[in-house]
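**Q** What follows is work_29.txt; its format and atoms are compact mmCIF, C-alpha atoms and all ligand atoms.
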```
# COMPACT_ATOMS: atom_id res chain seq x y z
CA MET N 27 32.13 -28.63 -33.88
CA PRO N 28 29.35 -30.87 -32.59
CA GLU N 29 26.02 -29.20 -31.94
CA ARG N 30 25.02 -31.65 -29.24
CA GLU N 31 24.01 -30.33 -25.87
CA ARG N 32 26.40 -30.99 -23.07
CA VAL N 33 25.89 -30.78 -19.36
CA PRO N 34 29.33 -29.90 -17.96
CA ARG N 35 30.88 -32.93 -16.38
CA HIS N 36 32.07 -31.01 -13.38
CA ALA N 37 29.14 -28.73 -12.78
CA ALA N 38 28.81 -27.67 -9.18
CA THR N 39 25.10 -27.42 -9.75
CA GLU N 40 23.56 -28.35 -13.03
CA THR N 41 21.89 -25.05 -13.84
CA SER N 42 22.21 -22.51 -16.63
CA VAL N 43 25.05 -24.06 -18.59
CA SER N 44 23.40 -27.08 -20.15
CA GLU N 45 23.90 -25.73 -23.65
CA GLN N 46 27.65 -25.30 -23.17
CA THR N 47 29.59 -26.82 -26.06
CA GLY N 48 33.00 -25.19 -25.56
CA VAL N 49 35.88 -26.23 -23.34
CA LEU N 50 37.14 -24.48 -20.22
CA ILE N 51 40.74 -25.06 -19.13
CA SER N 52 42.31 -23.24 -16.19
CA LEU N 53 45.99 -22.98 -15.29
CA GLU N 54 46.83 -22.66 -11.63
CA GLY N 55 49.71 -22.61 -9.20
CA GLY N 56 51.57 -20.43 -6.74
CA ASP N 57 53.09 -17.08 -7.66
CA GLY N 58 55.95 -17.44 -10.18
CA CYS N 59 55.01 -21.01 -11.17
CA GLY N 60 55.15 -20.06 -14.86
CA LYS N 61 51.46 -20.38 -15.50
CA SER N 62 51.07 -17.16 -17.51
CA THR N 63 53.87 -18.22 -19.89
CA GLN N 64 52.34 -21.68 -20.20
CA ALA N 65 48.84 -20.28 -20.74
CA ALA N 66 50.08 -18.15 -23.65
CA LEU N 67 51.97 -21.11 -25.19
CA LEU N 68 48.91 -23.33 -24.77
CA CYS N 69 46.70 -20.83 -26.61
CA GLU N 70 49.18 -20.65 -29.49
CA ARG N 71 49.49 -24.40 -29.80
CA LEU N 72 45.77 -25.14 -29.59
CA ALA N 73 45.08 -22.42 -32.16
CA ALA N 74 47.73 -24.01 -34.41
CA CYS N 75 45.66 -27.25 -34.18
CA GLY N 76 42.75 -25.30 -35.70
CA LEU N 77 40.75 -24.99 -32.49
CA PRO N 78 38.64 -21.88 -31.81
CA VAL N 79 40.75 -20.59 -28.91
CA GLY N 80 39.94 -17.59 -26.75
CA PRO N 81 36.91 -15.29 -26.73
CA SER N 82 35.45 -14.57 -30.18
CA SER N 83 36.16 -10.86 -29.69
CA ASP N 84 39.81 -11.50 -28.81
CA GLN N 85 40.76 -14.73 -30.56
CA GLY N 86 43.77 -16.59 -29.26
CA ALA N 87 43.87 -14.63 -25.99
CA VAL N 88 44.30 -15.95 -22.47
CA ILE N 89 41.64 -14.76 -20.00
CA ARG N 90 43.14 -13.66 -16.71
CA GLU N 91 41.71 -13.66 -13.20
CA PRO N 92 41.09 -11.48 -11.42
CA GLY N 93 40.15 -9.44 -14.48
CA GLY N 94 38.87 -10.15 -17.97
CA THR N 95 36.03 -7.58 -17.69
CA ALA N 96 36.01 -3.83 -16.97
CA ALA N 97 34.68 -4.34 -13.43
CA GLY N 98 36.99 -7.31 -12.93
CA GLU N 99 40.06 -5.23 -13.82
CA ALA N 100 38.95 -2.51 -11.38
CA ILE N 101 38.52 -5.12 -8.66
CA ARG N 102 41.95 -6.55 -9.57
CA ASP N 103 43.46 -3.15 -8.90
CA VAL N 104 41.97 -3.06 -5.39
CA LEU N 105 43.08 -6.62 -4.68
CA LEU N 106 46.64 -6.39 -5.96
CA HIS N 107 47.54 -2.73 -5.61
CA GLY N 108 45.00 -1.35 -3.13
CA PRO N 109 45.09 -1.10 0.66
CA GLN N 110 47.88 -3.19 2.15
CA THR N 111 45.54 -5.09 4.44
CA LEU N 112 42.17 -6.48 3.52
CA ALA N 113 40.02 -8.60 5.81
CA PRO N 114 40.33 -12.21 4.56
CA TRP N 115 36.62 -12.46 3.77
CA ALA N 116 36.65 -9.10 1.99
CA GLU N 117 39.48 -10.47 -0.15
CA ALA N 118 37.64 -13.75 -0.85
CA LEU N 119 34.41 -11.95 -1.76
CA LEU N 120 36.18 -9.50 -4.09
CA TYR N 121 37.77 -12.39 -6.00
CA ALA N 122 34.34 -14.06 -6.13
CA ALA N 123 32.72 -10.83 -7.38
CA ALA N 124 35.26 -10.39 -10.19
CA ARG N 125 34.70 -14.05 -11.10
CA ALA N 126 30.88 -13.71 -11.15
CA GLU N 127 31.25 -10.84 -13.63
CA LEU N 128 33.59 -12.91 -15.82
CA VAL N 129 31.30 -15.97 -15.77
CA GLU N 130 28.23 -13.94 -16.74
CA ARG N 131 29.73 -11.65 -19.37
CA VAL N 132 32.45 -13.76 -20.95
CA LEU N 133 32.64 -17.44 -19.99
CA LEU N 134 29.02 -18.55 -20.37
CA PRO N 135 28.39 -16.81 -23.72
CA GLU N 136 31.72 -17.88 -25.17
CA LEU N 137 31.32 -21.50 -24.04
CA ARG N 138 27.84 -21.54 -25.53
CA ALA N 139 29.45 -20.37 -28.77
CA GLY N 140 31.77 -23.40 -28.64
CA ARG N 141 35.02 -21.58 -27.85
CA VAL N 142 38.01 -23.20 -26.13
CA LEU N 143 38.84 -20.87 -23.25
CA ILE N 144 42.17 -20.79 -21.42
CA LEU N 145 42.04 -19.18 -18.00
CA ASP N 146 45.05 -17.86 -16.12
CA ARG N 147 43.63 -18.74 -12.67
CA PHE N 148 40.00 -19.46 -11.70
CA VAL N 149 38.08 -20.64 -8.65
CA ASP N 150 40.80 -23.08 -7.52
CA SER N 151 43.05 -20.09 -6.76
CA SER N 152 40.41 -18.91 -4.30
CA LEU N 153 40.23 -22.38 -2.76
CA ALA N 154 44.03 -22.59 -2.35
CA TYR N 155 44.79 -18.96 -1.38
CA GLN N 156 41.71 -17.86 0.55
CA GLY N 157 40.25 -21.23 1.54
CA PHE N 158 43.42 -23.02 2.58
CA ALA N 159 46.28 -20.52 2.92
CA ARG N 160 44.17 -17.84 4.64
CA GLY N 161 42.33 -20.49 6.64
CA LEU N 162 38.79 -19.56 5.58
CA GLY N 163 38.05 -23.17 4.63
CA ILE N 164 37.87 -24.68 1.14
CA ASP N 165 34.19 -25.56 1.49
CA ALA N 166 33.24 -22.13 2.81
CA VAL N 167 35.07 -20.36 -0.04
CA LEU N 168 33.57 -22.71 -2.64
CA ALA N 169 30.14 -22.00 -1.17
CA VAL N 170 30.42 -18.21 -1.59
CA ASN N 171 31.66 -18.67 -5.15
CA GLN N 172 28.88 -21.06 -6.10
CA PRO N 173 26.11 -18.55 -7.01
CA GLY N 174 28.47 -16.58 -9.25
CA LEU N 175 29.86 -19.70 -10.91
CA ARG N 176 26.33 -20.59 -12.12
CA GLY N 177 27.26 -24.26 -12.15
CA LEU N 178 30.44 -23.78 -14.14
CA LEU N 179 33.69 -25.53 -13.27
CA PRO N 180 36.65 -26.13 -15.59
CA ASP N 181 36.75 -29.26 -17.76
CA LEU N 182 40.44 -29.39 -16.88
CA THR N 183 42.53 -27.59 -14.27
CA ILE N 184 46.30 -27.80 -14.61
CA VAL N 185 48.23 -26.98 -11.45
CA LEU N 186 51.89 -26.20 -12.13
CA ASP N 187 53.76 -27.58 -9.20
CA VAL N 188 56.88 -25.54 -8.38
CA ASP N 189 58.82 -25.19 -5.13
CA PRO N 190 57.55 -21.93 -3.57
CA LEU N 191 61.14 -20.71 -3.06
CA VAL N 192 61.84 -21.14 -6.78
CA GLY N 193 58.50 -19.53 -7.66
CA LEU N 194 59.05 -16.46 -5.51
CA ALA N 195 62.56 -16.04 -6.93
CA ARG N 196 61.05 -16.09 -10.46
CA THR N 197 58.54 -13.26 -9.79
CA GLY N 198 60.10 -10.11 -11.21
CA GLY N 199 59.48 -6.40 -10.64
CA ALA N 200 57.69 -4.79 -7.72
CA PRO N 201 55.78 -7.46 -5.79
CA ASP N 202 51.99 -7.11 -5.72
CA ARG N 203 50.13 -7.19 -2.38
CA ILE N 204 49.97 -11.00 -2.27
CA GLU N 205 53.53 -11.68 -3.46
CA ALA N 206 54.77 -9.18 -0.87
CA GLU N 207 53.55 -11.53 1.88
CA GLY N 208 56.45 -13.83 1.06
CA LEU N 209 57.40 -17.46 1.45
CA ASP N 210 55.19 -18.41 4.34
CA LEU N 211 52.00 -17.67 2.41
CA GLN N 212 53.37 -19.34 -0.75
CA GLN N 213 54.13 -22.53 1.18
CA ARG N 214 50.56 -22.65 2.46
CA VAL N 215 49.29 -21.97 -1.07
CA ALA N 216 51.31 -24.94 -2.41
CA ALA N 217 49.82 -27.15 0.30
CA GLY N 218 46.39 -25.75 -0.59
CA PHE N 219 46.72 -26.70 -4.26
CA ALA N 220 47.77 -30.22 -3.23
CA VAL N 221 44.58 -30.50 -1.16
CA VAL N 222 42.48 -29.14 -4.04
CA ALA N 223 44.07 -31.66 -6.46
CA ARG N 224 43.20 -34.54 -4.10
CA ARG N 225 39.71 -33.19 -3.59
CA PHE N 226 38.84 -32.89 -7.32
CA PRO N 227 40.90 -35.66 -8.97
CA GLU N 228 38.47 -35.94 -11.91
CA ARG N 229 39.40 -32.53 -13.27
CA VAL N 230 42.66 -31.37 -11.59
CA ARG N 231 46.05 -32.49 -12.97
CA LEU N 232 49.33 -31.65 -11.19
CA ILE N 233 52.21 -31.06 -13.61
CA ASP N 234 55.81 -30.57 -12.49
CA GLY N 235 56.48 -26.95 -13.47
CA SER N 236 60.12 -26.90 -12.40
CA ARG N 237 61.32 -28.41 -15.69
CA ASP N 238 62.37 -26.72 -18.92
CA ILE N 239 59.62 -24.50 -20.42
CA ASP N 240 59.23 -26.68 -23.55
CA ILE N 241 58.94 -29.89 -21.56
CA VAL N 242 56.28 -28.36 -19.32
CA ALA N 243 54.50 -26.96 -22.40
CA ALA N 244 54.39 -30.41 -24.03
CA ALA N 245 52.80 -31.90 -20.90
CA VAL N 246 50.30 -29.03 -20.65
CA VAL N 247 49.31 -29.30 -24.32
CA ALA N 248 48.90 -33.08 -24.08
CA ALA N 249 46.60 -32.76 -21.06
CA ALA N 250 44.60 -30.00 -22.78
CA LEU N 251 44.15 -31.99 -26.00
CA GLU N 252 42.88 -34.93 -23.96
CA ALA N 253 40.32 -32.66 -22.33
CA VAL N 254 39.28 -31.24 -25.71
CA ALA N 255 38.89 -34.77 -27.09
CA ASP N 256 36.85 -35.75 -24.03
CA VAL N 257 34.49 -32.90 -24.65
CA GLY N 258 34.09 -34.13 -28.18
CA LEU N 259 35.48 -31.34 -30.28
CA ARG N 260 36.94 -32.39 -33.60
CA LEU N 261 40.53 -31.22 -34.00
CA GLY N 262 40.83 -28.82 -36.87
CA GLY N 263 37.07 -28.91 -37.33
P1 LIG N 301 48.64 -12.28 -10.94
O1 LIG N 301 49.29 -11.02 -11.36
O2 LIG N 301 47.70 -12.93 -11.85
O3 LIG N 301 49.76 -13.23 -10.40
P2 LIG N 301 50.35 -14.47 -11.08
O4 LIG N 301 51.05 -13.94 -12.29
O5 LIG N 301 51.25 -15.06 -10.04
O6 LIG N 301 49.18 -15.33 -11.39
O7 LIG N 301 47.95 -11.97 -9.54
C1 LIG N 301 46.98 -12.72 -9.03
C2 LIG N 301 47.24 -12.83 -7.55
O8 LIG N 301 46.00 -13.00 -6.90
C3 LIG N 301 48.11 -14.03 -7.21
O9 LIG N 301 48.96 -13.69 -6.14
C4 LIG N 301 47.10 -15.03 -6.72
C5 LIG N 301 46.00 -14.20 -6.15
N1 LIG N 301 44.66 -14.80 -6.24
C6 LIG N 301 44.02 -15.17 -5.07
O10 LIG N 301 44.56 -15.02 -3.97
N2 LIG N 301 42.76 -15.68 -5.16
C7 LIG N 301 42.12 -15.84 -6.36
O11 LIG N 301 40.97 -16.31 -6.42
C8 LIG N 301 42.81 -15.45 -7.56
C9 LIG N 301 42.15 -15.59 -8.90
C10 LIG N 301 44.08 -14.94 -7.46
```
Represent the structure of the file as structure tokens.
**A**
Amino acid sequence: MPERERVPRHAATETSVSEQTGVLISLEGGDGCGKSTQAALLCERLAACGLPVGPSSDQGAVIREPGGTAAGEAIRDVLLHGPQTLAPWAEALLYAAARAELVERVLLPELRAGRVLILDRFVDSSLAYQGFARGLGIDAVLAVNQPGLRGLLPDLTIVLDVDPLVGLARTGGAPDRIEAEGLDLQQRVAAGFAVVARRFPERVRLIDGSRDIDIVAAAVVAAALEAVADVGLRLGG
């Protein structure tokens, strides 16, 4: 792995992460878009290429949001299984708080150690769900996330594009607080991700997630390997 210093190409502010040498890839999309399945497959396939995937303490693992730290998992519980109604800004700030914890304790140290990290959701979920679908504003939600992001944005964000009706039908088991809000919210979320993709074309790729799992996986892996190559990691190195 190259030892060169790298300022992240997509840094919101160029502070604190200048020694990052790893790669950060997030998977995004509406509920039931298949992103968790694809994130797990992506980890397996990148690891099979010899890349140092996942946190060093939990090699090969996907990092999920909200969560990924003790405090983050506790916040996740409030967000997904807590009080039925939460003020929109309370919701946005709780997601941002869980994220700040993850950035500080996991993402920055692991990226500095040169790891390739696969995230099951990151800040773009907040932009699409809270910023667009809840109507708080993409810029306003990005602004409250900014201090906790410490300048970090993904090298690549893959949005799995799936019809919200199909996505909701795919979600199994008891719906969490957000899924329980139904189709109307999911349609706004899909529109939100489309806006986010147009807003950040240099790092966000839309991939049609309605196709067969293996076809989607091939597209996801190809995009991820391009991002890894861009960052300058040697495959199998
Ligand atoms: P999760 O169980 O990860 O759902 P999924 O398997 O569909 O990803 O639950 C995360 C939920 O939280 C999901 O409904 C999206 C929502 N969410 C936000 O609204 N804002 C955010 O910033 C994040 C990270 C998630």
**Q** Kindly compile the residues surrounding ligand LIG 301 (chain N) within 6 Å, counting only C-alpha atoms and all ligand atoms, and format them as a PyMOL selection string.
**A** chain N and resi 57-58+91-92+121+147-149+151-152+155+204-205
**Q** Restricted to C-alpha atoms, what would the selected residues look like written as a compact mmCIF listing (two decimals), keeping the file's coordinate frame?
**A**
```txt
# COMPACT_ATOMS: atom_id res chain seq x y z
CA ASP N 57 53.09 -17.08 -7.66
CA GLY N 58 55.95 -17.44 -10.18
CA GLU N 91 41.71 -13.66 -13.20
CA PRO N 92 41.09 -11.48 -11.42
CA TYR N 121 37.77 -12.39 -6.00
CA ARG N 147 43.63 -18.74 -12.67
CA PHE N 148 40.00 -19.46 -11.70
CA VAL N 149 38.08 -20.64 -8.65
CA SER N 151 43.05 -20.09 -6.76
CA SER N 152 40.41 -18.91 -4.30
CA TYR N 155 44.79 -18.96 -1.38
CA ILE N 204 49.97 -11.00 -2.27
CA GLU N 205 53.53 -11.68 -3.46
```
**Q** Which residue, N:Ala123, N:Leu137, N:Ala116, N:Leu232, has the smallest gap to Leu162 (chain N) when you use all atoms listed in the file?
**A**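 Nearest candidate to Leu162 (chain N) out of N:Ala123, N:Leu137, N:Ala116, N:Leu232: N:Ala116.
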**Q** From (46.7, -32.9, -22.6), in the file's coordinates, out to 12 Å: which residues are reached, counting only C-alpha atoms? Answer as a ChimeraX atom specification.
**A** /N:51,68,71-72,181-184,229-233,242-256
**Q** Here is a test: counting all atoms listed in the file, which residue of N:Ala220, N:Val88, N:Val257, N:Val170 is nearest to Leu120 (chain N)?
**A**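 With all atoms listed in the file as the atom set, the closest residue is N:Val170.
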**Q** Taking all atoms listed in the file into account, name the residue in N:Gln110, N:Gln212, N:Thr197, N:Gln64 that is nearest to Gln156 (chain N).
**A**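 Ranked by minimum distance to Gln156 (chain N), first place goes to N:Gln212.
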**Q** Counting all atoms listed in the file, find the residues whose atoms lie at most 10 Å from (27.9, -18.7, -30.2) (file coordinates) and write them out as an NGL selection string.
**A** :N and (46-48 or 82 or 134-141)
**Q** CA of Thr63 (chain N) and CA of Gly258 (chain N) are how many Å apart?
**A**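 CA of Thr63 (chain N) sits 26.7 Å away from CA of Gly258 (chain N).
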**Q** Can you work out which one of N:Val142, N:Leu50, N:Leu67, N:Ala166 has the shortest atom-to-atom distance to Asp240 (chain N), counting all atoms listed in the file?
**A**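 The closest residue to Asp240 (chain N) is N:Leu67.
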**Q** May I ask which of the residues N:Asp146, N:Thr111, N:Gly56, N:Ser83 is the closest one to Leu211 (chain N), counting only C-alpha atoms?
**A**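 The answer is N:Gly56, which sits nearest to Leu211 (chain N).
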**Q** Report, in Å with one decimal, the straight-line distance from CA of Gly199 (chain N) to CA of Gly60 (chain N).
**A**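 Between CA of Gly199 (chain N) and CA of Gly60 (chain N) the gap works out to 14.9 Å.
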**Q** Which residue, N:Cys69, N:Leu168, N:Ala159, N:Leu143, has the smallest gap to Arg214 (chain N) when you use only C-alpha atoms?
**A**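 Looking only at the distances to Arg214 (chain N), the closest residue turns out to be N:Ala159.
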**Q** For CA of Asp189 (chain N) and CA of Ser236 (chain N), quote the distance in Å rounded to one decimal.
**A**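 Computing it gives 7.6 Å between the two atoms.
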